[in-house]
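First comes the structure, then the notes that go with it.
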Amino acid sequence: MHEQSPLRDLADRAGIVPSYVDQTGTETRATSDETRAAILQAMGIDASTPEAARRALEEMRARDGARVVAPVRVVRRGDPDAARVELRAPGDAAGDAEWSVELVPERGEPRRLAGTARPGRNGTVAVELGELPPEGYHRLRVSVRAGGVERGGEQALVVVPDACPAVVEVAGRERVFGVIANLYTVRGARNWGVGDLSDLGALLEWTAEVGGAFVGVNPLHALRNAGADVSPYSPVSRLFRNPIYLDVEAVPELAESGEARRMLESDALRREREALRASDRVEYERVMALKRRVLAVLHREFAARHAAATSERGRAYRDYVREQGEALEAFATFEALADELGTGSWREWPERFRDPASPAVAAFRTDRAEAVDFHRWLQWELDRQLGEAAARGGRAGLAVGLYQDLAIGTSGSSADVWANPRLFLPGASIGAPPDEYSASGQNWGLPPMDPRALREDGYRYWIALVRASMRHAGALRIDHAVGLFRQFWIPEGLDGARGAYVRLPADDLLGILALEARRHGALVVGEDLGTVPEDVPPTMHARGVLSSRVFYFEREGDAFRAAAEYEPMSLATANTHDMPSLAGFWAARDVDLKREVGLIDGDRAAAEQRRARLRERRAILERLAADGALPAAEEPASPAELRGAVHDFLCRTPAALVGFSLDDLVGEVEPVNLPGVPPDRFASWTRKLATPVEALATDPDVRAALRCGDRGTEARE
């Protein structure tokens with residue numbers, strides 16, 4: 001048998017996938033040795049020459065061999081080996097090994113075991129723990145003594161359920177519908193130029209009134225809110241939220257602050273607020289500047305009255321800060337430093353501030369304590385207002401509730417990367433391989449997480465991420481859920497065609513996801529579109545994670561797939577945030593825009609795409625008629641009725657969840673995002689809705705578009 005090279009052995013151990021099948025399902029793309037060496041270099045492993053690769057491989061084997069116990073183990077209670085832990089005896093000692101294991105449960109008293117055993121041929125001792133602790137996060141403290149040498153170690157033992165909750169467990173029904181909205185686009189009579197958390201509460205109540213079960217929103221992650229840094233999918237932090245969504249007038253300190261009330265009543269602030277509200281685009285920087293002026297005053301009022309007081313609000317704040325711990329401290333410090341230094345890109349900061357553990361950062365935190373506390377307070381108030389919005393939906397009868405969205409990554413200049421320097425790698429970016437839309441692939445500019453570092457740290461960041469995303473939520477959508485299995489890495493200096501997939505510990509990540517979903521009583525949806533290995537959907541389904549099914553993509557050749565053929569364990573939608581709205585699709589507005597910005601080369605190509613769109617429209621009408629959503633394969637009298645027919649069709653599928661885009665309910669033509677286009681050519685993530693939230697209940701077009709058969713719409717009759 002031909003022996004594999006040290007470089008390839010090293011790449012395999014690091015999780016670099018040797019090849020993948022592209023989106024066509026027919027062509028296999030092999031990973032080159034150049035790409036292997038470049039990805040290993042991004043991981044901090046020198047494999048630039050055969051000798052260097054051999055040395056690195058030997059060092060990796062030696063480190064693994066010296067480890068007494070794996071740093072983390074995620075087990076399901078039913079696994080036959082769940083209650084067994086393997087310990088490695090030191091060196092090549094012969095004879096019996098003395099071992100001890102202390103099990104420290106998440107709750108309850110520690111339990112200690114000890115004994116002697118003869119190590120097996122691989123030098124390991126198998127220890128039976130007896131009764132496995134309940135589902136949760138536990139620790140094992142272990143030691144092994146053999147040949148006069150004693151070594152110790154710790155393991156995070158995570159006991160997880162088999163699967164996330166099913167829809168019927170959370171919603172009380174097997175098939176429900178809801179509304180999916182980009183919160184920043186919501187226009188309201190009282191907001192300050194961007195949809196806020198009070199608007200979200202109103203949207204949750206309205207959805208309950210029309211028989212829906214959930215409201216999905218774009219990621220609410222913290223953003224820079226300046227320039228091009230406004231994409232909810234390229235956040236400053238995935239652990240904390242964007243203060244632009246705060247309803248300033250709902251902050252309790254407003255009732256206590258005469259200064260803040262005078263600011264709100266001033267002509268200058270009122271004019272600015274009205275101008276931002278009237279604008280057709282979200283003007284992030286202006287909105288945040290205006291809100292921040294008042295929020296700073298309200299924070300001072302809070303600090304004076306409640307920060308050190310025994311009031312209910314003061315106690316609640318301290319409880320939140322204690323619960324969020326070091327992560328909140330790091331994020332608040334990062335934000336205060338960004339304010340002080342005039343840039344949110346920590347790579348541009350003076351060297352002394354680039355390390356979160358440096359003495360300079362500690363001194364800054366002390367010297368600028370009020371500035372740091374301001375950002376802690378903002379996050380707490382965001383959490384309070386989000387909780388109140390979710391409670392409004394619950395009181396109105398929303399069965400699932402708020403459905404949050406988790407972006408696949410975080411900006412390379414972000415707070416999460418700054419606070420976790422050993423977890424995120426600067427020498428590569430994650431993206432997507434070449435496909436029919438992009439011959440060179442897509443580079444999203446997001447730094448990958450090192451799967452080895454993630455595991456070494458006991459998955460602490462992943463646990464925190466899932467908990468933050470499920471807070472106040474009844475469902476969670478995971479963007480590009482294939483990233484739980486593997487991520488496409490593009491090394492610095494190479495294009496997407498020379499990228500490669502890197503494996504992630506999917507079974508462990510899905511197990512923790514199921515544990516947190518059970519604890520929060522939340523559904524989980526995985527967005528599994530694009531280049532998806534065939535084993536991913538069944539693995540997700542086995543763990544209770546629903547797939548994504550998009551009407552535009554559900555086709556067999558030129559014909560659209562019948563409703564009965566949709567995947568039952570899925571969220572079915574007409575489109576996504578990266579696609580045209582139904583009205584825009586029907587009018588071929590996406591074709592016009594792509595021609596305008598240069599994504600379509602020439603008028604002839606654009607004309608051909610418009611002709612293709614007419615054929616697609618005919619195929620859609622035929623499908624809607626065949627499934628009973630239209631009486632005949634003819635365009636209805638109004639655009640709203642056509643959108644209603646598409647929604648009715650989706651509700652005829654066996655998909656457990658159906659999501660109606662708020663853009664489609666109100667008939668928006670312009671998209672919110674044009675992927676791959678810079679902001680100077682198309683202002684993605686800024687377009688507002690034309691219909692205000694207050695008009696949803698009475699708008700006849702919304703009523704016509706809101707058709708969902710037996711999934712709960714009888715509540716609106």
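All residue names refer to the structure tokens as shown: chains lettered A, B, ... in order, residues numbered from 1 in each chain, ligands numbered from 1 in order.
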Exercise for the section: Find the residues near region 407-420 of chain A: any atom within 10 Å, counting only C-alpha atoms, skip ones fewer than 6 places away on the same chain, and give them as a ChimeraX atom specification. Expected result: /A:218-224,229,232-240,326-327,329-335,338,343-348,353-357,426,429-431,444-449,461,469,477-484,487
Residues within 9 Å of Phe214 (chain A), please, as a PDB file with C-alpha atoms, in the first residue's frame. Count only C-alpha atoms; anything in the same chain fewer than 6 positions from it doesn't count.
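Now in result05.pdb:
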ATOM      1  CA  VAL A 176     -47.651  26.112  11.581  1.00  0.00           C
ATOM      2  CA  PHE A 177     -46.848  29.329   9.753  1.00  0.00           C
ATOM      3  CA  GLY A 178     -45.220  32.593  10.708  1.00  0.00           C
ATOM      4  CA  VAL A 179     -43.809  35.855   9.396  1.00  0.00           C
ATOM      5  CA  ILE A 180     -40.150  36.547   8.638  1.00  0.00           C
ATOM      6  CA  LEU A 204     -45.392  39.627  17.198  1.00  0.00           C
ATOM      7  CA  THR A 207     -48.838  37.758  13.772  1.00  0.00           C
ATOM      8  CA  ALA A 208     -50.573  36.050  16.683  1.00  0.00           C
ATOM      9  CA  GLY A 393     -46.127  37.831  21.575  1.00  0.00           C
ATOM     10  CA  LEU A 398     -47.966  33.207  19.635  1.00  0.00           C
ATOM     11  CA  ALA A 399     -47.258  29.468  19.961  1.00  0.00           C
ATOM     12  CA  VAL A 400     -43.556  29.458  19.029  1.00  0.00           C
ATOM     13  CA  GLY A 401     -42.695  33.107  19.517  1.00  0.00           C
ATOM     14  CA  LEU A 402     -39.587  34.893  18.419  1.00  0.00           C
ATOM     15  CA  TYR A 403     -37.433  33.108  15.831  1.00  0.00           C
ATOM     16  CA  GLY A 474     -38.801  29.909  20.603  1.00  0.00           C
ATOM     17  CA  ALA A 475     -36.837  29.061  17.468  1.00  0.00           C
ATOM     18  CA  GLY A 659     -42.503  31.427   6.679  1.00  0.00           C
TER      19      GLY A 659
END
Mind the document's chain letters and residue numbers, and return as a PDB file with C-alpha atoms, in the first residue's frame the residues of region 231-370 of chain A that DSSP labels alpha helix (DSSP H).
ATOM      1  CA  GLY A 258     -35.761  65.763  33.049  1.00  0.00           C
ATOM      2  CA  GLU A 259     -32.675  66.384  30.918  1.00  0.00           C
ATOM      3  CA  ALA A 260     -33.518  63.521  28.553  1.00  0.00           C
ATOM      4  CA  ARG A 261     -37.152  64.594  28.255  1.00  0.00           C
ATOM      5  CA  ARG A 262     -36.104  68.138  27.379  1.00  0.00           C
ATOM      6  CA  MET A 263     -33.820  66.723  24.678  1.00  0.00           C
ATOM      7  CA  LEU A 264     -36.708  64.739  23.177  1.00  0.00           C
ATOM      8  CA  GLU A 265     -38.914  67.846  23.196  1.00  0.00           C
ATOM      9  CA  ASP A 267     -37.005  71.285  17.982  1.00  0.00           C
ATOM     10  CA  ALA A 268     -33.619  70.107  16.711  1.00  0.00           C
ATOM     11  CA  LEU A 269     -34.011  66.533  17.928  1.00  0.00           C
ATOM     12  CA  ARG A 270     -37.620  66.357  16.792  1.00  0.00           C
ATOM     13  CA  ARG A 271     -36.719  67.521  13.273  1.00  0.00           C
ATOM     14  CA  GLU A 272     -33.896  64.998  13.006  1.00  0.00           C
ATOM     15  CA  ARG A 273     -36.130  62.201  14.267  1.00  0.00           C
ATOM     16  CA  GLU A 274     -38.841  63.054  11.742  1.00  0.00           C
ATOM     17  CA  ALA A 275     -36.337  63.271   8.884  1.00  0.00           C
ATOM     18  CA  LEU A 276     -34.913  59.842   9.716  1.00  0.00           C
ATOM     19  CA  ARG A 277     -38.406  58.390  10.010  1.00  0.00           C
ATOM     20  CA  ALA A 278     -39.415  59.811   6.609  1.00  0.00           C
ATOM     21  CA  TYR A 284     -27.558  53.818  10.390  1.00  0.00           C
ATOM     22  CA  GLU A 285     -24.918  56.339  11.396  1.00  0.00           C
ATOM     23  CA  ARG A 286     -27.365  59.222  11.855  1.00  0.00           C
ATOM     24  CA  VAL A 287     -29.888  57.052  13.711  1.00  0.00           C
ATOM     25  CA  MET A 288     -27.256  55.693  16.081  1.00  0.00           C
ATOM     26  CA  ALA A 289     -25.757  59.144  16.695  1.00  0.00           C
ATOM     27  CA  LEU A 290     -29.180  60.526  17.601  1.00  0.00           C
ATOM     28  CA  LYS A 291     -30.123  57.630  19.854  1.00  0.00           C
ATOM     29  CA  ARG A 292     -26.755  57.638  21.539  1.00  0.00           C
ATOM     30  CA  ARG A 293     -27.050  61.281  22.586  1.00  0.00           C
ATOM     31  CA  VAL A 294     -30.150  60.472  24.610  1.00  0.00           C
ATOM     32  CA  LEU A 295     -28.996  57.036  25.770  1.00  0.00           C
ATOM     33  CA  ALA A 296     -25.848  58.531  27.289  1.00  0.00           C
ATOM     34  CA  VAL A 297     -28.004  60.829  29.425  1.00  0.00           C
ATOM     35  CA  LEU A 298     -30.265  57.935  30.417  1.00  0.00           C
ATOM     36  CA  HIS A 299     -27.270  55.820  31.419  1.00  0.00           C
ATOM     37  CA  ARG A 300     -26.011  58.577  33.718  1.00  0.00           C
ATOM     38  CA  GLU A 301     -29.477  58.722  35.282  1.00  0.00           C
ATOM     39  CA  PHE A 302     -29.445  54.955  35.789  1.00  0.00           C
ATOM     40  CA  ALA A 303     -25.946  54.991  37.289  1.00  0.00           C
ATOM     41  CA  ALA A 304     -26.918  57.711  39.746  1.00  0.00           C
ATOM     42  CA  ARG A 305     -30.169  56.083  40.851  1.00  0.00           C
ATOM     43  CA  GLU A 312     -35.370  46.119  41.575  1.00  0.00           C
ATOM     44  CA  ARG A 313     -33.795  47.616  38.454  1.00  0.00           C
ATOM     45  CA  GLY A 314     -30.391  47.848  40.100  1.00  0.00           C
ATOM     46  CA  ARG A 315     -30.525  44.215  41.235  1.00  0.00           C
ATOM     47  CA  ALA A 316     -31.652  43.065  37.792  1.00  0.00           C
ATOM     48  CA  TYR A 317     -28.715  44.875  36.184  1.00  0.00           C
ATOM     49  CA  ARG A 318     -26.164  43.334  38.512  1.00  0.00           C
ATOM     50  CA  ASP A 319     -27.680  39.886  37.989  1.00  0.00           C
ATOM     51  CA  TYR A 320     -27.367  40.303  34.209  1.00  0.00           C
ATOM     52  CA  VAL A 321     -23.756  41.486  34.429  1.00  0.00           C
ATOM     53  CA  ARG A 322     -22.870  38.566  36.696  1.00  0.00           C
ATOM     54  CA  GLU A 323     -24.600  36.067  34.418  1.00  0.00           C
ATOM     55  CA  GLN A 324     -22.884  37.344  31.261  1.00  0.00           C
ATOM     56  CA  GLY A 325     -19.505  37.374  32.976  1.00  0.00           C
ATOM     57  CA  GLU A 326     -16.214  37.821  31.144  1.00  0.00           C
ATOM     58  CA  ALA A 327     -17.797  37.869  27.691  1.00  0.00           C
ATOM     59  CA  LEU A 328     -19.825  41.007  28.476  1.00  0.00           C
ATOM     60  CA  GLU A 329     -16.830  42.619  30.171  1.00  0.00           C
ATOM     61  CA  ALA A 330     -14.696  42.018  27.083  1.00  0.00           C
ATOM     62  CA  PHE A 331     -17.370  43.261  24.670  1.00  0.00           C
ATOM     63  CA  ALA A 332     -18.082  46.430  26.674  1.00  0.00           C
ATOM     64  CA  THR A 333     -14.352  47.136  26.925  1.00  0.00           C
ATOM     65  CA  PHE A 334     -13.957  46.630  23.178  1.00  0.00           C
ATOM     66  CA  GLU A 335     -16.788  49.040  22.415  1.00  0.00           C
ATOM     67  CA  ALA A 336     -15.417  51.665  24.792  1.00  0.00           C
ATOM     68  CA  LEU A 337     -11.966  51.322  23.223  1.00  0.00           C
ATOM     69  CA  ALA A 338     -13.486  51.678  19.751  1.00  0.00           C
ATOM     70  CA  ASP A 339     -15.175  54.909  20.879  1.00  0.00           C
ATOM     71  CA  GLU A 340     -11.959  56.212  22.425  1.00  0.00           C
ATOM     72  CA  LEU A 341      -9.703  55.336  19.489  1.00  0.00           C
ATOM     73  CA  PRO A 359      -2.027  45.649  31.262  1.00  0.00           C
ATOM     74  CA  ALA A 360      -2.961  48.585  29.025  1.00  0.00           C
ATOM     75  CA  VAL A 361      -6.461  47.184  28.445  1.00  0.00           C
ATOM     76  CA  ALA A 362      -6.896  46.508  32.167  1.00  0.00           C
ATOM     77  CA  ALA A 363      -5.817  50.081  32.962  1.00  0.00           C
ATOM     78  CA  PHE A 364      -8.200  51.475  30.339  1.00  0.00           C
ATOM     79  CA  ARG A 365     -11.076  49.490  31.831  1.00  0.00           C
ATOM     80  CA  THR A 366     -10.368  51.051  35.217  1.00  0.00           C
ATOM     81  CA  ASP A 367      -9.741  54.584  33.972  1.00  0.00           C
ATOM     82  CA  ALA A 369     -15.122  52.654  33.941  1.00  0.00           C
ATOM     83  CA  GLU A 370     -18.161  54.799  33.092  1.00  0.00           C
TER      84      GLU A 370
END
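Residue nearest Ala637 (chain A) within the list A:Ala704, A:Val125, A:Glu694, A:Asp699: A:Ala704 [criterion: smallest interatomic distance, only C-alpha atoms].
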Exercise for the section: Write out as a list in words the residues lying within 7 Å of Ala500 (chain A), counting only C-alpha atoms and excluding same-chain residues fewer than 6 positions away. Expected result: Val17, Thr31, Phe488, Trp489 and Ile490 of chain A
Write to file, as a compact mmCIF listing (two decimals), in the first residue's frame, the residues of the selection just made, with C-alpha atoms.
# COMPACT_ATOMS: atom_id res chain seq x y z
CA VAL A 17 -11.03 17.52 3.52
CA THR A 31 -7.59 19.72 -2.58
CA PHE A 488 -14.92 26.32 3.06
CA TRP A 489 -11.61 28.01 3.85
CA ILE A 490 -9.91 30.33 1.39
